[in-house]
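Inspection log for the structure reproduced underneath, given as structure tokens.
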Amino acid sequence: MMTAAEIRQSFLDFFRGKGHAIVPSSPVVLPSDPTLLFVNAGMNQFKEIFLGARRSESPRVANTQKCIRVSGKHNDLEEVGRDTYHHTFFEMLGNWSFGDYYKREAIAWAWELLVDVWKLPPERLWITVFREDDEAERIWKGVPGVRPDHILRFGEKDNFWEMGEIGPCGPCSEIHMDRTPRGCGSELVNAGTPDVMELWNLVFIQYNRRGDGSLEELPAKHVDTGMGFERLVSVLQGKASNYDTDLFLPLLDRLAALSGQSYEGDAAMAMRVIADHLRALSFAIADGVLPSNEGRGYVLRRLLRRAARFGRNLGLRDPFLGTLFPVLEGIMGETFPELRRQLQDILRALKAEEETFAAALDRGTGLFDEVVKDLKTREESTFPGAEAFKLYDTYGFPLDLTILMAEEKGLAVDQEQFNELMEQQRERARSAREQRMLKEDADLVADLVRRGMKSDFTGYKTLSDESELLALLSDGKSCAELTEGMEGELLLARTPFYAESGGQIGDKGLIRGPAGEFEVWDTQRPAEGLILHIGRVVQGRLARGEQVAALVDAERRNRTARHHSGTHLLHYALRELVSPSIKQAGSYVAPDRLRFDISYFEALPEDKLDAVERRVNDLILENVPVTTCQMPFKDVAGSGIIALFDEKYGDTVRVVEISGYSRELCGGTHVRATGDLGLFRIVSESSVAAGVRRIEAVCGRPAYEWTHREHRLVRTLSRRLSASPDEVFARVEALMESTRRLEKELKQQATAGALGRVDEWLGRAKQVNGIPLIVEDVGEQSLDVLRSVMDALRARFASGVIVLGSRSEGKACFLATVSEDLLARGIHAGRLVGPVAKAAGGGGGGQPGKAQAGGKDASKVAEAIALVEELLAK
């Protein structure tokens, strides 16, 4: 029996023998393709080739591609663990032809590999073709060993493949493996059952789906095949489940050992989910995606929290995913060495996220159980959407986790109510998807690509150039001319304007024609080779076909270049002085500042930041030359050159080198020598997400201005405090200590004064429906004092309800408690204090026994607590 590694290698060897170049998997993210959250198919990295926007070095390629399917049309998340063959992360084996061979070869080679090489029984294979694809059916009938009665036709739903709502597509032919006892499962083909399972999909790409739903012929016909590796391994190893193969068994064995549970029943499902999610998390983190509250990062956070919750079901309360990772590394590290290179980043990210969620999970589970208990008491079967939203908003519970927990209790979540409350927050989870261009704009860009229009970028060597005006766009339409006051986008045959990419913002400037002038506000690249100048005609008119002068704002470009070179120096210094495992997790480069995000799991101490800043300025004083060159991308691996996960590279790449120190792949604009930066200052260091730190810095003139403001501030403080600059810090510390001491004394006095009235308030206790009640306006007191008063009253008021209100810094504060004996009567402190706070323009709640709330209008405290008796009476 072949191992998974041997099966993968035999696939690649087979197609190498058919003249295919074996190419590496792309990262699981392609930010240059905004229609995708994650890579979900092998063809994603070749989309621009299919559209004719770029050429491939080889007309035939094959590989194994890392894929993640967790959202949108291709979303397998809910099936993972429940069945034995869906995954969030999987490998896709594929072979491609870019205008070379077509259906006949693709079909013949697929059959040859499956039947002749891997020895699958032909009588167990079913073939499907698109209902209108007579050619594919005719070719299949001519392949030796194919049974004509095993060729079935299906419609668009099953046999017309599309990558997304727009983009390359075409008819497909699928090969299904029949695993029924007698091999007679024709009725189960495309039924979505494991008994007859899709094994290999041969897509014949000949169309581009436009935004309006129409199809247009591509410049050349292509082949795109995809075979789920995990399913293939289960078939060739004779296993009924993908999880029974050597891709998963070591992980499941380790989970069984950690939990002390057998792989059966609910425990088996939990183990399958954890093993699957660990794979998706590890590969995404290795490719630079870190858990966060936005876009891709939020998807990872959801996966990790689902895995952690299933771990709790197995009794694993402490962080455990990092303990599993070495097993995954042993299974897949040889094929995907990034798992080994990014070992520390992966382990840190998993540990930090698990620890963060563990505390929230405990608190959130308490709230969940409380709501469930209340629902069971009232014999209701719907978990309120408002409570699901609270679990998300307060405790970080993704909705699918709440749904899962509710299902375990026999409850359904009110998702409609949740979605209403979630509308604004949903923007975060969908942000990466919503970066997609409007369909109308995508069609315009596709038209330009189809017509072969491109811009040559000349801005590395010059900031002004003469060019032909190729196209004018405005209001979603192509125009012959733009007149004064009209806004739009211009496409030039050649341009010195840098289009936003790699974190560097686009250039601004002017475009002058024979009869008009266009002010450029921004420059963007919506597709490979297309540079659009966005702005407005400020004088006269510009027309298609005219010769124009393109003039970049030189001062702005030079200031931006200083900050871009500054990011490279900063990156080098961080890796040298803090940790060589640090890598870039995002950047923003502008004329006035730079922002640099790094993968690191703790705050950088002041002494490290000082050392990094000093090191960068030393390199500036050294005036090191900054040079660029081009090289084949395939030669980058092992060269020591830094390549960033969130950039899409072509066959030839540009290297920016700061001689003797830094070498990075970069398409941005840079200074000629480090001395051109003048000065470098770090402005701030902060956290933007678990495992991601952000450094903001300035170079050149902004750095001088920042330093000047600091110096002026120190001089002003020195005069005001009658101290030398060196003595300012000690003087401020002494003043702060004095202030703290006075505040403490004032708080003690306020507390003593309030506690002195406890006897008075106890004496004013009343009865409402037989329930002892103390309700008091404590006056102008902080929340801390209010708590002290509450504690003193509770100690002497054994049975009853207490509601207190106060004013603090212009806001209302409320506390409520209910004694243990009254909880059984249905009295709930949270439900009591909520309406009270609402009357003061606020809200809040809490547990049945105690609750806290606040209001925006302190003048309403007396009016608000006056409602307590009425609420209690009800």
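Order determines the names: the first chain of the structure tokens is A, the second B, and so forth; residues in each chain are numbered 1 upward, and ligands are numbered 1 upward as they are shown.
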
Step one, run DSSP on the backbone; step two, keep only residues of segment 823-862 of chain A assigned to strand (DSSP E); then write them as a VMD selection string. chain A and resid 843 to 846 850 to 855

Write out the residues from the selection above, keeping N, CA and C atoms, as an mmCIF file, in the first residue's frame.
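In the end it all went to part-v7.cif:
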```cif
data_model
loop_
_atom_site.group_PDB
_atom_site.id
_atom_site.type_symbol
_atom_site.label_atom_id
_atom_site.label_comp_id
_atom_site.auth_asym_id
_atom_site.auth_seq_id
_atom_site.Cartn_x
_atom_site.Cartn_y
_atom_site.Cartn_z
ATOM 1 N N GLY A 843 -27.751 51.300 29.756
ATOM 2 C CA GLY A 843 -28.141 49.903 29.736
ATOM 3 C C GLY A 843 -27.154 49.081 30.521
ATOM 4 N N GLY A 844 -27.449 47.800 30.625
ATOM 5 C CA GLY A 844 -26.568 46.894 31.353
ATOM 6 C C GLY A 844 -27.343 45.695 31.836
ATOM 7 N N GLY A 845 -26.717 44.885 32.649
ATOM 8 C CA GLY A 845 -27.367 43.681 33.151
ATOM 9 C C GLY A 845 -26.362 42.847 33.915
ATOM 10 N N GLY A 846 -26.675 41.583 34.041
ATOM 11 C CA GLY A 846 -25.763 40.714 34.763
ATOM 12 C C GLY A 846 -26.431 39.433 35.189
ATOM 13 N N LYS A 850 -26.645 39.344 41.049
ATOM 14 C CA LYS A 850 -26.071 40.688 41.116
ATOM 15 C C LYS A 850 -25.883 41.234 39.703
ATOM 16 N N ALA A 851 -26.013 42.547 39.579
ATOM 17 C CA ALA A 851 -25.932 43.156 38.260
ATOM 18 C C ALA A 851 -25.450 44.591 38.393
ATOM 19 N N GLN A 852 -24.907 45.084 37.277
ATOM 20 C CA GLN A 852 -24.365 46.438 37.230
ATOM 21 C C GLN A 852 -24.789 47.083 35.923
ATOM 22 N N ALA A 853 -25.072 48.395 35.957
ATOM 23 C CA ALA A 853 -25.469 49.096 34.741
ATOM 24 C C ALA A 853 -25.048 50.547 34.845
ATOM 25 N N GLY A 854 -25.115 51.222 33.693
ATOM 26 C CA GLY A 854 -24.742 52.630 33.674
ATOM 27 C C GLY A 854 -25.660 53.425 32.774
ATOM 28 N N GLY A 855 -25.653 54.746 32.927
ATOM 29 C CA GLY A 855 -26.459 55.629 32.099
ATOM 30 C C GLY A 855 -25.681 56.876 31.729
#
```

Extract, using only C-alpha atoms, all DNA, RNA and protein residues at most 9 Å from Tyr207 of chain A, discarding same-chain residues fewer than 5 positions from it, and format them as JSON, numbers by chain. {"A": [167, 168, 169, 170, 215, 216, 217, 218, 219, 221]}

Write out, as a compact mmCIF listing (two decimals), in the first residue's frame, the residues just selected, with all heavy atoms.
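Saved as result-v1.txt:
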```txt
# COMPACT_ATOMS: atom_id res chain seq x y z
N GLY A 167 -15.41 35.59 -13.52
CA GLY A 167 -14.11 35.01 -13.80
C GLY A 167 -14.17 33.81 -14.72
O GLY A 167 -15.21 33.46 -15.29
N PRO A 168 -13.02 33.12 -14.90
CA PRO A 168 -12.92 31.98 -15.82
C PRO A 168 -13.86 30.84 -15.44
O PRO A 168 -14.10 30.58 -14.26
CB PRO A 168 -11.46 31.55 -15.67
CG PRO A 168 -10.74 32.75 -15.16
CD PRO A 168 -11.72 33.46 -14.29
N CYS A 169 -14.40 30.15 -16.45
CA CYS A 169 -15.31 29.05 -16.21
C CYS A 169 -15.42 28.19 -17.47
O CYS A 169 -14.88 28.55 -18.52
CB CYS A 169 -16.69 29.56 -15.79
SG CYS A 169 -17.44 30.68 -16.98
N GLY A 170 -16.14 27.08 -17.36
CA GLY A 170 -16.34 26.23 -18.53
C GLY A 170 -16.94 24.89 -18.14
O GLY A 170 -17.09 24.57 -16.96
N LEU A 215 -21.53 35.20 -20.76
CA LEU A 215 -20.28 34.48 -21.01
C LEU A 215 -19.59 35.04 -22.24
O LEU A 215 -20.24 35.36 -23.24
CB LEU A 215 -20.53 32.98 -21.21
CG LEU A 215 -21.13 32.20 -20.03
CD1 LEU A 215 -21.45 30.78 -20.45
CD2 LEU A 215 -20.16 32.19 -18.86
N GLU A 216 -18.26 35.18 -22.17
CA GLU A 216 -17.49 35.57 -23.35
C GLU A 216 -16.36 34.58 -23.54
O GLU A 216 -15.80 34.04 -22.57
CB GLU A 216 -16.94 36.98 -23.19
CG GLU A 216 -15.96 37.16 -22.03
CD GLU A 216 -15.42 38.59 -21.93
OE1 GLU A 216 -15.78 39.41 -22.79
OE2 GLU A 216 -14.63 38.85 -21.01
N GLU A 217 -16.01 34.31 -24.79
CA GLU A 217 -14.93 33.38 -25.11
C GLU A 217 -13.60 33.95 -24.64
O GLU A 217 -13.33 35.14 -24.80
CB GLU A 217 -14.88 33.11 -26.61
CG GLU A 217 -16.04 32.29 -27.14
CD GLU A 217 -15.81 30.79 -26.96
OE1 GLU A 217 -14.68 30.39 -26.62
OE2 GLU A 217 -16.77 30.02 -27.17
N LEU A 218 -12.77 33.09 -24.05
CA LEU A 218 -11.42 33.50 -23.66
C LEU A 218 -10.51 33.50 -24.90
O LEU A 218 -10.81 32.83 -25.90
CB LEU A 218 -10.87 32.55 -22.61
CG LEU A 218 -11.53 32.64 -21.23
CD1 LEU A 218 -11.05 31.50 -20.34
CD2 LEU A 218 -11.22 33.97 -20.57
N PRO A 219 -9.39 34.23 -24.84
CA PRO A 219 -8.48 34.28 -26.00
C PRO A 219 -7.97 32.90 -26.41
O PRO A 219 -7.68 32.66 -27.57
CB PRO A 219 -7.34 35.17 -25.50
CG PRO A 219 -7.93 35.98 -24.41
CD PRO A 219 -8.95 35.12 -23.76
N LYS A 221 -8.15 28.39 -25.23
CA LYS A 221 -8.81 27.38 -24.40
C LYS A 221 -7.78 26.71 -23.50
O LYS A 221 -6.66 26.43 -23.91
CB LYS A 221 -9.50 26.35 -25.29
CG LYS A 221 -10.65 26.93 -26.10
CD LYS A 221 -11.33 25.87 -26.97
CE LYS A 221 -12.49 26.48 -27.75
NZ LYS A 221 -13.16 25.46 -28.61
```

Give me the residues near segment 531-544 of chain A as a VMD selection string, where near means some atom within 7 Å (using only C-alpha atoms) and where sequence neighbours in that chain fewer than 6 positions away do not count. chain A and resid 455 469 to 472 480 to 491 499 513 515 to 525

Polymer residues at most 12 Å from Phe497 of chain A, only C-alpha atoms, same-chain spacing of 5 or more positions, as a PyMOL selection string: chain A and resi 455-467+490-492+505-511+520-525+530-534+549-554+556-557+668-669

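Residues in contact with Asp651 of chain A at up to 7 Å, not including ones fewer than 2 positions away on its chain and judged by only C-alpha atoms, are Pro632, Phe633, Tyr649 and Val653 of chain A.
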
Return the single residue from A:Thr402, A:Ser684, A:Ser474, A:Ser799 that is closest to Glu696 of chain A, with distances computed using only C-alpha atoms.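 The shortest atom-to-atom distance to Glu696 of chain A comes from A:Ser684.
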
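Nearest residue to Trp140 of chain A among A:Leu314, A:Ala730, A:Leu411, A:Ala108 is A:Ala108, counting only C-alpha atoms.
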
Write out as a ChimeraX atom specification which residues come within 12 Å of Cys813 of chain A when counting only C-alpha atoms, dropping same-chain ones fewer than 6 positions away. /A:776-787,803-807,833-834,836-844,851-862,864-865

Determine, counting only C-alpha atoms, which protein, DNA and RNA residues have an atom within 9 Å of an atom of Phe90 of chain A; residues of the same chain fewer than 6 positions away are not included. Present the result as a list in words.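 Counting only C-alpha atoms, the residues come to Gln65, Lys66, Cys67, Ile68, Arg69, Gly228, Phe229, Glu230, Asp276, Arg279 and Ala280 of chain A.
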
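Comparing the minimum interatomic distances between Gly99 of chain A and each of A:Arg272, A:Lys634, A:Arg147, A:His222, counting only C-alpha atoms, we find that A:His222 sits nearest.
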
Between atom CA of Asp592 of chain A and atom CA of Tyr704 of chain A, measure the distance and give it in Å to one decimal.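 Interatomic distance here is 11.5 Å.
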
Per DSSP on the backbone, filter segment 713-745 of chain A down to the residues in alpha helix (DSSP H) and report them as number ranges by chain. A: 713-720, 728-745

Which of these, A:Leu252, A:Ala703, A:Ala561, A:Leu644, has the shortest distance to Ala673 of chain A once you count only C-alpha atoms?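 Distance minimum relative to Ala673 of chain A lands on A:Ala561.
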
May I ask which of the residues A:Tyr395, A:Tyr243, A:Trp96, A:Phe14 is the closest one to Glu112 of chain A, counting only C-alpha atoms?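 Of A:Tyr395, A:Tyr243, A:Trp96, A:Phe14, the one nearest Glu112 of chain A, counting only C-alpha atoms, is A:Phe14.
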
Nearest to Val758 of chain A: which of A:Glu737, A:Asp791, A:Glu820, A:Glu745 is it, counting only C-alpha atoms?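 Checking each candidate against Val758 of chain A, we get A:Asp791 as the closest.
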
Mind giving me the straight-line distance from atom CA of Gly297 of chain A to atom CA of Leu321 of chain A in Å, one decimal? 17.5 Å

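Between atom CA of Leu609 of chain A and atom CA of Val589 of chain A the separation is 19.7 Å.
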